[in-house]
$ cat data_35.tsv   # TSV, C-alpha atoms (C1' of nucleotides)
chain	number	residue	atom	x	y	z
A	1	MET	CA	-43.80	-26.50	170.58
A	2	ASN	CA	-41.06	-29.07	171.17
A	3	ILE	CA	-37.50	-28.23	172.02
A	4	LYS	CA	-36.23	-28.52	168.49
A	5	GLU	CA	-38.72	-25.99	167.18
A	6	ALA	CA	-37.89	-23.70	170.06
A	7	SER	CA	-34.24	-24.07	169.21
A	8	GLU	CA	-34.90	-23.12	165.60
A	9	LYS	CA	-37.08	-20.21	166.65
A	10	THR	CA	-34.50	-18.76	169.01
A	11	GLY	CA	-31.21	-19.83	167.48
A	12	VAL	CA	-30.28	-21.41	170.82
A	13	SER	CA	-29.33	-25.09	170.78
A	14	SER	CA	-31.62	-27.64	172.44
A	15	ALA	CA	-28.84	-28.54	174.83
A	16	ALA	CA	-28.38	-24.89	175.76
A	17	ILE	CA	-32.12	-24.50	176.40
A	18	ARG	CA	-32.01	-27.50	178.75
A	19	TYR	CA	-28.93	-25.99	180.37
A	20	TYR	CA	-30.67	-22.64	180.85
A	21	GLU	CA	-33.63	-24.35	182.47
A	22	LYS	CA	-31.35	-26.31	184.78
A	23	GLU	CA	-29.53	-23.11	185.74
A	24	SER	CA	-32.88	-21.34	186.31
A	25	LEU	CA	-32.28	-18.69	183.67
A	26	ILE	CA	-35.70	-19.58	182.34
A	27	PRO	CA	-38.66	-20.87	184.39
A	28	PRO	CA	-39.44	-24.59	184.72
A	29	ILE	CA	-40.89	-25.69	181.40
A	30	ASP	CA	-44.20	-27.58	181.20
A	31	ARG	CA	-44.05	-31.22	180.09
A	32	THR	CA	-46.30	-33.35	177.91
A	33	GLU	CA	-47.70	-36.65	179.24
A	34	VAL	CA	-44.55	-38.49	178.23
A	35	GLY	CA	-42.26	-35.93	179.81
A	36	ASN	CA	-41.19	-33.88	176.79
A	37	ARG	CA	-40.81	-30.15	177.15
A	38	ASP	CA	-43.73	-28.14	175.79
A	39	ILE	CA	-42.46	-24.66	175.10
A	40	ASP	CA	-44.76	-21.65	174.84
A	41	ALA	CA	-44.35	-18.02	173.81
A	42	ARG	CA	-43.48	-16.96	177.36
A	43	ILE	CA	-40.51	-19.31	177.47
A	44	ILE	CA	-39.44	-18.18	174.01
A	45	ARG	CA	-39.41	-14.59	175.24
A	46	ARG	CA	-37.35	-15.56	178.23
A	47	ILE	CA	-34.87	-17.44	176.05
A	48	LYS	CA	-34.56	-14.39	173.82
A	49	PHE	CA	-33.96	-12.17	176.80
A	50	VAL	CA	-31.24	-14.51	178.05
A	51	THR	CA	-29.69	-14.50	174.59
A	52	GLN	CA	-29.65	-10.75	174.45
A	53	MET	CA	-28.05	-10.37	177.85
A	54	ARG	CA	-25.53	-13.12	177.12
A	55	ALA	CA	-24.61	-11.33	173.88
A	56	ALA	CA	-24.07	-8.24	176.00
A	57	GLY	CA	-21.53	-10.19	178.03
A	58	MET	CA	-23.55	-10.88	181.17
A	59	SER	CA	-22.44	-14.06	182.89
A	60	ILE	CA	-24.79	-16.96	183.58
A	61	GLU	CA	-24.35	-16.47	187.30
A	62	ASN	CA	-25.16	-12.76	187.28
A	63	LEU	CA	-28.04	-13.39	184.95
A	64	ARG	CA	-29.45	-15.97	187.34
A	65	ARG	CA	-29.14	-13.67	190.32
A	66	TYR	CA	-30.80	-10.96	188.33
A	67	ILE	CA	-33.66	-13.14	187.19
A	68	GLU	CA	-34.17	-14.67	190.62
A	69	LEU	CA	-34.68	-11.23	192.07
A	70	PHE	CA	-37.17	-10.31	189.38
A	71	ASP	CA	-39.10	-13.54	189.66
A	72	ALA	CA	-39.37	-13.39	193.43
A	73	GLN	CA	-42.83	-12.71	194.80
A	74	GLU	CA	-41.79	-10.12	197.34
A	75	ASP	CA	-41.72	-6.54	196.27
A	76	ASN	CA	-38.05	-5.91	195.67
A	77	THR	CA	-38.64	-2.80	193.65
A	78	LYS	CA	-35.79	-0.85	195.17
A	79	GLU	CA	-33.23	-3.62	194.86
A	80	GLN	CA	-34.51	-4.41	191.41
A	81	LYS	CA	-34.03	-0.86	190.25
A	82	ALA	CA	-30.59	-0.73	191.82
A	83	LEU	CA	-29.66	-3.99	190.12
A	84	LEU	CA	-30.92	-2.74	186.78
A	85	GLN	CA	-28.93	0.44	187.11
A	86	GLU	CA	-25.81	-1.41	188.16
A	87	GLN	CA	-26.10	-3.70	185.19
A	88	LEU	CA	-26.68	-0.74	182.91
A	89	ALA	CA	-23.52	0.90	184.20
A	90	VAL	CA	-21.48	-2.24	183.56
A	91	MET	CA	-22.82	-2.53	180.05
A	92	GLU	CA	-22.26	1.11	179.27
A	93	GLU	CA	-18.66	0.81	180.37
A	94	LYS	CA	-18.24	-2.22	178.15
A	95	ARG	CA	-19.75	-0.33	175.28
A	96	ASP	CA	-17.34	2.53	175.87
A	97	ASP	CA	-14.37	0.15	176.01
A	98	LEU	CA	-15.51	-1.27	172.71
A	99	GLN	CA	-15.87	2.19	171.26
A	100	ALA	CA	-12.34	3.06	172.39
A	101	ALA	CA	-11.00	-0.02	170.64
A	102	ILE	CA	-13.01	0.84	167.54
A	103	ASP	CA	-11.57	4.35	167.60
A	104	HIS	CA	-8.10	2.90	167.92
A	105	LEU	CA	-8.52	0.63	164.93
A	106	ASN	CA	-10.08	3.42	162.91
A	107	TYR	CA	-7.11	5.57	163.75
A	108	LYS	CA	-4.81	2.84	162.46
A	109	LEU	CA	-6.83	2.51	159.32
A	110	ASN	CA	-6.72	6.25	158.67
A	111	HIS	CA	-2.99	6.52	159.24
A	112	PHE	CA	-2.13	3.45	157.30
A	113	TYR	CA	0.33	5.06	154.96
A	114	ASP	CA	3.20	5.18	157.42
A	115	HIS	CA	3.42	1.55	158.61
A	116	MET	CA	2.28	2.78	161.87
A	117	GLN	CA	1.95	0.04	164.36
A	118	GLU	CA	4.40	1.43	166.86
A	119	THR	CA	4.79	5.04	165.90
A	120	GLU	CA	4.91	7.91	168.29
A	121	GLU	CA	1.57	9.06	166.93
A	122	GLU	CA	-0.04	5.86	168.03
A	123	LEU	CA	1.53	6.09	171.43
A	124	ARG	CA	0.24	9.61	171.87
A	125	GLU	CA	-3.18	8.51	170.67
A	126	LEU	CA	-3.28	5.68	173.18
A	127	GLU	CA	-2.22	7.99	175.97
A	128	LYS	CA	-4.77	10.55	174.91
A	129	GLN	CA	-7.47	7.88	175.11
A	130	HIS	CA	-6.18	6.74	178.46
A	131	ALA	CA	-6.13	10.28	179.81
A	132	ALA	CA	-9.66	10.82	178.56
A	133	LYS	CA	-10.78	7.64	180.28
A	134	VAL	CA	-9.13	8.60	183.54
A	135	GLU	CA	-10.84	11.95	183.34
A	136	ARG	CA	-14.19	10.33	182.68
A	137	GLU	CA	-13.68	8.11	185.72
A	138	ASN	CA	-12.73	11.07	187.87
A	139	ASN	CA	-15.86	12.87	186.76
A	140	GLU	CA	-17.94	9.83	187.65
A	141	ALA	CA	-16.42	9.78	191.11
A	142	ASP	CA	-17.76	13.24	191.84
B	1	MET	CA	11.77	-2.93	184.19
B	2	ASN	CA	11.09	-6.39	185.59
B	3	ILE	CA	7.91	-8.33	185.02
B	4	LYS	CA	6.33	-7.33	188.30
B	5	GLU	CA	6.69	-3.63	187.59
B	6	ALA	CA	5.33	-4.20	184.10
B	7	SER	CA	2.40	-6.04	185.63
B	8	GLU	CA	1.69	-3.14	187.96
B	9	LYS	CA	2.05	-0.63	185.15
B	10	THR	CA	-0.37	-2.44	182.85
B	11	GLY	CA	-2.73	-4.15	185.26
B	12	VAL	CA	-1.94	-7.46	183.54
B	13	SER	CA	-0.67	-10.29	185.74
B	14	SER	CA	2.91	-11.52	185.37
B	15	ALA	CA	1.61	-14.93	184.35
B	16	ALA	CA	-0.55	-13.33	181.68
B	17	ILE	CA	2.39	-11.34	180.32
B	18	ARG	CA	4.43	-14.55	180.03
B	19	TYR	CA	1.44	-16.19	178.39
B	20	TYR	CA	1.08	-13.36	175.89
B	21	GLU	CA	4.75	-13.63	174.99
B	22	LYS	CA	4.46	-17.39	174.53
B	23	GLU	CA	1.42	-16.91	172.33
B	24	SER	CA	3.23	-14.23	170.32
B	25	LEU	CA	0.75	-11.49	171.15
B	26	ILE	CA	3.74	-9.41	172.14
B	27	PRO	CA	7.26	-9.65	170.66
B	28	PRO	CA	10.02	-11.72	172.29
B	29	ILE	CA	11.14	-9.82	175.37
B	30	ASP	CA	14.82	-9.05	176.01
B	31	ARG	CA	16.48	-10.83	178.92
B	32	THR	CA	19.04	-9.74	181.48
B	33	GLU	CA	22.26	-11.76	181.95
B	34	VAL	CA	20.54	-14.12	184.33
B	35	GLY	CA	17.59	-14.62	182.02
B	36	ASN	CA	15.00	-12.36	183.57
B	37	ARG	CA	12.70	-10.39	181.32
B	38	ASP	CA	13.67	-6.76	180.83
B	39	ILE	CA	10.57	-4.92	179.70
B	40	ASP	CA	10.71	-1.59	177.90
B	41	ALA	CA	8.19	1.02	176.82
B	42	ARG	CA	7.59	-0.69	173.48
B	43	ILE	CA	6.51	-3.90	175.18
B	44	ILE	CA	4.34	-1.95	177.59
B	45	ARG	CA	2.59	-0.36	174.61
B	46	ARG	CA	2.02	-3.75	173.05
B	47	ILE	CA	0.65	-5.15	176.29
B	48	LYS	CA	-1.74	-2.20	176.52
B	49	PHE	CA	-2.86	-2.75	172.95
B	50	VAL	CA	-3.52	-6.42	173.69
B	51	THR	CA	-5.46	-5.43	176.80
B	52	GLN	CA	-7.60	-3.02	174.85
B	53	MET	CA	-8.43	-5.53	172.15
B	54	ARG	CA	-9.07	-8.28	174.71
B	55	ALA	CA	-11.45	-5.93	176.54
B	56	ALA	CA	-13.19	-5.45	173.22
B	57	GLY	CA	-13.76	-9.19	173.08
B	58	MET	CA	-11.12	-10.18	170.52
B	59	SER	CA	-9.91	-13.73	171.05
B	60	ILE	CA	-6.25	-14.60	171.62
B	61	GLU	CA	-6.16	-16.52	168.37
B	62	ASN	CA	-7.58	-13.72	166.24
B	63	LEU	CA	-5.34	-11.25	167.97
B	64	ARG	CA	-2.31	-13.38	167.18
B	65	ARG	CA	-3.27	-13.70	163.52
B	66	TYR	CA	-3.80	-10.00	163.38
B	67	ILE	CA	-0.49	-9.13	165.00
B	68	GLU	CA	1.44	-11.68	162.94
B	69	LEU	CA	0.23	-10.04	159.80
B	70	PHE	CA	1.19	-6.60	161.03
B	71	ASP	CA	4.60	-7.67	162.23
B	72	ALA	CA	5.47	-9.46	159.03
B	73	GLN	CA	8.13	-7.83	156.88
B	74	GLU	CA	6.33	-8.22	153.58
B	75	ASP	CA	3.98	-5.51	152.49
B	76	ASN	CA	0.60	-6.94	153.34
B	77	THR	CA	-1.13	-3.60	153.14
B	78	LYS	CA	-4.22	-4.90	151.38
B	79	GLU	CA	-4.74	-7.86	153.68
B	80	GLN	CA	-3.96	-5.70	156.67
B	81	LYS	CA	-6.61	-3.19	155.73
B	82	ALA	CA	-9.11	-5.96	155.07
B	83	LEU	CA	-8.32	-7.51	158.43
B	84	LEU	CA	-8.69	-4.19	160.18
B	85	GLN	CA	-12.02	-3.59	158.56
B	86	GLU	CA	-13.25	-7.07	159.34
B	87	GLN	CA	-12.31	-6.63	162.97
B	88	LEU	CA	-13.95	-3.23	163.05
B	89	ALA	CA	-17.17	-4.74	161.73
B	90	VAL	CA	-17.13	-7.44	164.41
B	91	MET	CA	-16.60	-4.88	167.12
B	92	GLU	CA	-19.25	-2.56	165.83
B	93	GLU	CA	-21.74	-5.40	165.84
B	94	LYS	CA	-20.79	-6.19	169.41
B	95	ARG	CA	-21.23	-2.59	170.35
B	96	ASP	CA	-24.66	-2.56	168.74
B	97	ASP	CA	-25.65	-5.75	170.57
B	98	LEU	CA	-24.61	-4.09	173.78
B	99	GLN	CA	-26.56	-0.98	172.91
B	100	ALA	CA	-29.64	-3.08	172.21
B	101	ALA	CA	-29.33	-4.71	175.61
B	102	ILE	CA	-28.83	-1.31	177.22
B	103	ASP	CA	-31.95	-0.06	175.47
B	104	HIS	CA	-33.86	-3.06	176.72
B	105	LEU	CA	-32.82	-2.54	180.31
B	106	ASN	CA	-33.55	1.17	180.07
B	107	TYR	CA	-36.98	0.32	178.77
B	108	LYS	CA	-37.52	-1.93	181.77
B	109	LEU	CA	-36.37	0.77	184.11
B	110	ASN	CA	-38.70	3.33	182.56
B	111	HIS	CA	-41.72	1.05	182.68
B	112	PHE	CA	-41.03	-0.28	186.11
B	113	TYR	CA	-44.40	0.54	187.60
B	114	ASP	CA	-46.27	-2.36	186.04
B	115	HIS	CA	-44.15	-5.37	187.07
B	116	MET	CA	-43.07	-5.53	183.54
B	117	GLN	CA	-40.86	-8.45	182.91
B	118	GLU	CA	-43.19	-10.27	180.56
B	119	THR	CA	-45.65	-7.70	179.32
B	120	GLU	CA	-46.86	-7.34	175.78
B	121	GLU	CA	-45.09	-3.99	175.62
B	122	GLU	CA	-41.79	-5.68	176.27
B	123	LEU	CA	-42.45	-8.26	173.64
B	124	ARG	CA	-43.23	-5.57	171.10
B	125	GLU	CA	-40.12	-3.70	172.11
B	126	LEU	CA	-37.96	-6.77	171.59
B	127	GLU	CA	-39.50	-7.36	168.20
B	128	LYS	CA	-39.03	-3.76	167.25
B	129	GLN	CA	-35.37	-4.03	168.14
B	130	HIS	CA	-35.06	-7.26	166.21
B	131	ALA	CA	-36.73	-5.74	163.15
B	132	ALA	CA	-34.40	-2.75	163.36
B	133	LYS	CA	-31.40	-5.06	163.52
B	134	VAL	CA	-32.58	-7.09	160.54
B	135	GLU	CA	-33.04	-3.90	158.60
B	136	ARG	CA	-29.55	-2.70	159.52
B	137	GLU	CA	-28.15	-6.01	158.33
B	138	ASN	CA	-30.04	-5.76	155.07
B	139	ASN	CA	-28.70	-2.30	154.52
B	140	GLU	CA	-25.16	-3.54	155.12
B	141	ALA	CA	-25.67	-6.26	152.53
B	142	ASP	CA	-26.26	-3.67	149.82
C	1	DT	C1'	24.17	-18.15	206.00
C	2	DT	C1'	19.87	-17.84	205.81
C	3	DA	C1'	15.60	-15.74	204.75
C	4	DA	C1'	13.01	-12.67	201.73
C	5	DA	C1'	11.71	-11.32	197.44
C	6	DC	C1'	12.25	-11.35	193.16
C	7	DC	C1'	12.89	-14.32	188.85
C	8	DT	C1'	12.75	-18.74	185.43
C	9	DT	C1'	10.24	-22.92	182.87
C	10	DA	C1'	7.09	-26.68	182.48
C	11	DA	C1'	3.27	-28.89	183.94
C	12	DT	C1'	-1.02	-29.04	185.81
C	13	DG	C1'	-5.35	-26.99	187.58
C	14	DT	C1'	-9.51	-23.94	187.19
C	15	DG	C1'	-13.96	-21.70	185.90
C	16	DT	C1'	-17.24	-20.78	182.34
C	17	DA	C1'	-20.53	-22.20	179.17
C	18	DC	C1'	-21.76	-25.01	176.94
C	19	DT	C1'	-21.42	-29.74	173.70
C	20	DT	C1'	-21.31	-34.43	173.17
C	21	DC	C1'	-22.11	-39.01	174.52
C	22	DA	C1'	-24.46	-42.97	176.43
C	23	DA	C1'	-28.51	-45.35	177.26
C	24	DG	C1'	-32.92	-45.51	176.75
C	25	DG	C1'	-38.27	-44.19	175.74
C	26	DC	C1'	-42.13	-42.99	172.52
C	27	DA	C1'	-44.63	-42.52	167.97
C	28	DA	C1'	-45.02	-42.84	163.04
C	29	DG	C1'	-44.02	-44.84	158.62
C	30	DT	C1'	-42.52	-49.09	155.51
D	1	DA	C1'	-40.49	-55.94	163.13
D	2	DC	C1'	-37.64	-52.18	162.31
D	3	DT	C1'	-35.80	-47.91	161.06
D	4	DT	C1'	-36.31	-42.93	161.65
D	5	DG	C1'	-36.65	-39.10	164.34
D	6	DC	C1'	-37.88	-36.95	167.95
D	7	DC	C1'	-37.41	-36.83	173.06
D	8	DT	C1'	-35.34	-37.71	178.11
D	9	DT	C1'	-31.41	-37.62	181.89
D	10	DG	C1'	-26.80	-37.75	183.69
D	11	DA	C1'	-22.13	-37.83	182.95
D	12	DA	C1'	-18.27	-36.73	180.67
D	13	DG	C1'	-15.74	-33.95	177.33
D	14	DT	C1'	-14.19	-29.44	175.24
D	15	DA	C1'	-12.20	-24.69	174.34
D	16	DC	C1'	-10.54	-20.65	176.09
D	17	DA	C1'	-7.64	-17.81	178.97
D	18	DC	C1'	-5.35	-17.73	182.07
D	19	DA	C1'	-3.78	-19.13	187.45
D	20	DT	C1'	-1.31	-22.03	190.27
D	21	DT	C1'	2.20	-25.14	191.59
D	22	DA	C1'	6.72	-27.31	191.52
D	23	DA	C1'	11.47	-27.01	191.41
D	24	DG	C1'	14.95	-24.29	191.06
D	25	DG	C1'	18.16	-19.73	190.33
D	26	DT	C1'	19.80	-14.85	191.80
D	27	DT	C1'	20.30	-10.77	194.65
D	28	DT	C1'	19.88	-8.07	198.89
D	29	DA	C1'	19.79	-7.41	203.72
D	30	DA	C1'	20.08	-8.90	208.51
$ encode --input "data_35.tsv" --output "structure tokens"
Amino acid sequence: MNIKEASEKTGVSSAAIRYYEKESLIPPIDRTEVGNRDIDARIIRRIKFVTQMRAAGMSIENLRRYIELFDAQEDNTKEQKALLQEQLAVMEEKRDDLQAAIDHLNYKLNHFYDHMQETEEELRELEKQHAAKVERENNEAD
Amino acid sequence: MNIKEASEKTGVSSAAIRYYEKESLIPPIDRTEVGNRDIDARIIRRIKFVTQMRAAGMSIENLRRYIELFDAQEDNTKEQKALLQEQLAVMEEKRDDLQAAIDHLNYKLNHFYDHMQETEEELRELEKQHAAKVERENNEAD
DNA sequence: TTAAACCTTAATGTGTACTTCAAGGCAAGT
DNA sequence: ACTTGCCTTGAAGTACACATTAAGGTTTAA
């Protein structure tokens, strides 16, 4: 499969695929006799994984560190698990931040009748959310 | 309250607060006689709102459009509701993308024993997730 | 009165994650 | 022979969201 087909299959631009290879987010890609990239299912999977993590807000640099560790020959099981769990925690916090913002907008939508954007209700709601977050963080710290 | 105190109270840098004012994400801030910003609770609330939406991945430009519409005198109720709902949809999709990535990493963590990063199981898992997403999108289109 | 610690604006710099451009090669069709 | 359409690399350009710097003003405290 050439790079254009791979691009169509993954929804990632050809330039971005080259960029990912250069940045070692995906392994070195095999070449044909004339030097063109020949992309197989394994590379496609890796591109899709990169896409999914990028969509989740993981930076290129963190993604590279992450992948480097996983691709290394040595048995890094412990560090790998720790890294996975760290990344999971980051993503769960992001998800919760998103959910808080969603809740906020839903609150606005449900209290639309009173031209609400700076009402006391909203203030209390925001502070309630903040207090809840602080409490969650305190619980985590235990 | 001067800009430094506001910065400490919100966790947003002074430069960022000035930037937000310039970009009309927050209303024009009152000045003291000598021209320094004098920030009150209302502005603090607006800064916190901006922070929350930024954390949820909303761009400055969309946030400005959004806020402009809400601050306008005319009764834009319909457009405002539509805008709110649109933004909610975007954020819910983001949240779901994040959840998918979380699921993926959890899957990795749970199947750690077999050096899993490119197994057939993982491939099937990714495709399952993709199929589920496609189905969700089809349902939305109804 | 001089330094410290705030503040102002305007301009310029920075990091990220690509995209686009320039210059060229290869292979097929007309 | 030439256009079309793919590919290559390296360099330069772009958009976003600020951060930093420059040049200056005010207030307080030694």
$ interface_residues --input "data_35.tsv" --of "chain C" --to "chain B" --cutoff "12 Å" --atoms "only C-alpha atoms (C1' of nucleotides)" --output "list in words"
DA5, DC6, DC7, DT8 and DT9 of chain C
$ interface_residues --input "data_35.tsv" --of "chain B" --to "chain D" --cutoff "9 Å" --atoms "all atoms listed in the file" --output "ChimeraX atom specification"
/B:15-16,19,34,59-60
$ write_last_selection --input "data_35.tsv" --atoms "C-alpha atoms" --output "compact mmCIF listing (two decimals), in the coordinates of the input"
# COMPACT_ATOMS: atom_id res chain seq x y z
CA ALA B 15 1.61 -14.93 184.35
CA ALA B 16 -0.55 -13.33 181.68
CA TYR B 19 1.44 -16.19 178.39
CA VAL B 34 20.54 -14.12 184.33
CA SER B 59 -9.91 -13.73 171.05
CA ILE B 60 -6.25 -14.60 171.62
$ atom_distance --input "data_35.tsv" --atom1 "atom CA of B:Gln85" --atom2 "atom CA of B:Gly57"
15.7 Å
$ interface_residues --input "data_35.tsv" --of "chain A" --to "chain B" --cutoff "6 Å" --atoms "all atoms listed in the file" --output "JSON, numbers by chain"
{"A": [56, 95, 98]}
$ closest_residue --input "data_35.tsv" --among "B:Ile47, B:Ile39, B:Asn76, B:Glu33" --to "B:Leu63" --atoms "all atoms listed in the file"
B:Ile47
$ atom_distance --input "data_35.tsv" --atom1 "atom CA of A:Ser14" --atom2 "atom C1' of C:DT16"
18.8 Å
$ atom_distance --input "data_35.tsv" --atom1 "atom CA of A:Tyr20" --atom2 "atom CA of A:Thr32"
19.2 Å
$ axis_aligned_box --input "data_35.tsv" --around "stretch 24-30 of chain C" --padding-each-side "5 Å" --output "AutoDock Vina command-line options"
--center_x -39.0 --center_y -45.8 --center_z 166.1 --size_x 22.1 --size_y 16.6 --size_z 31.2
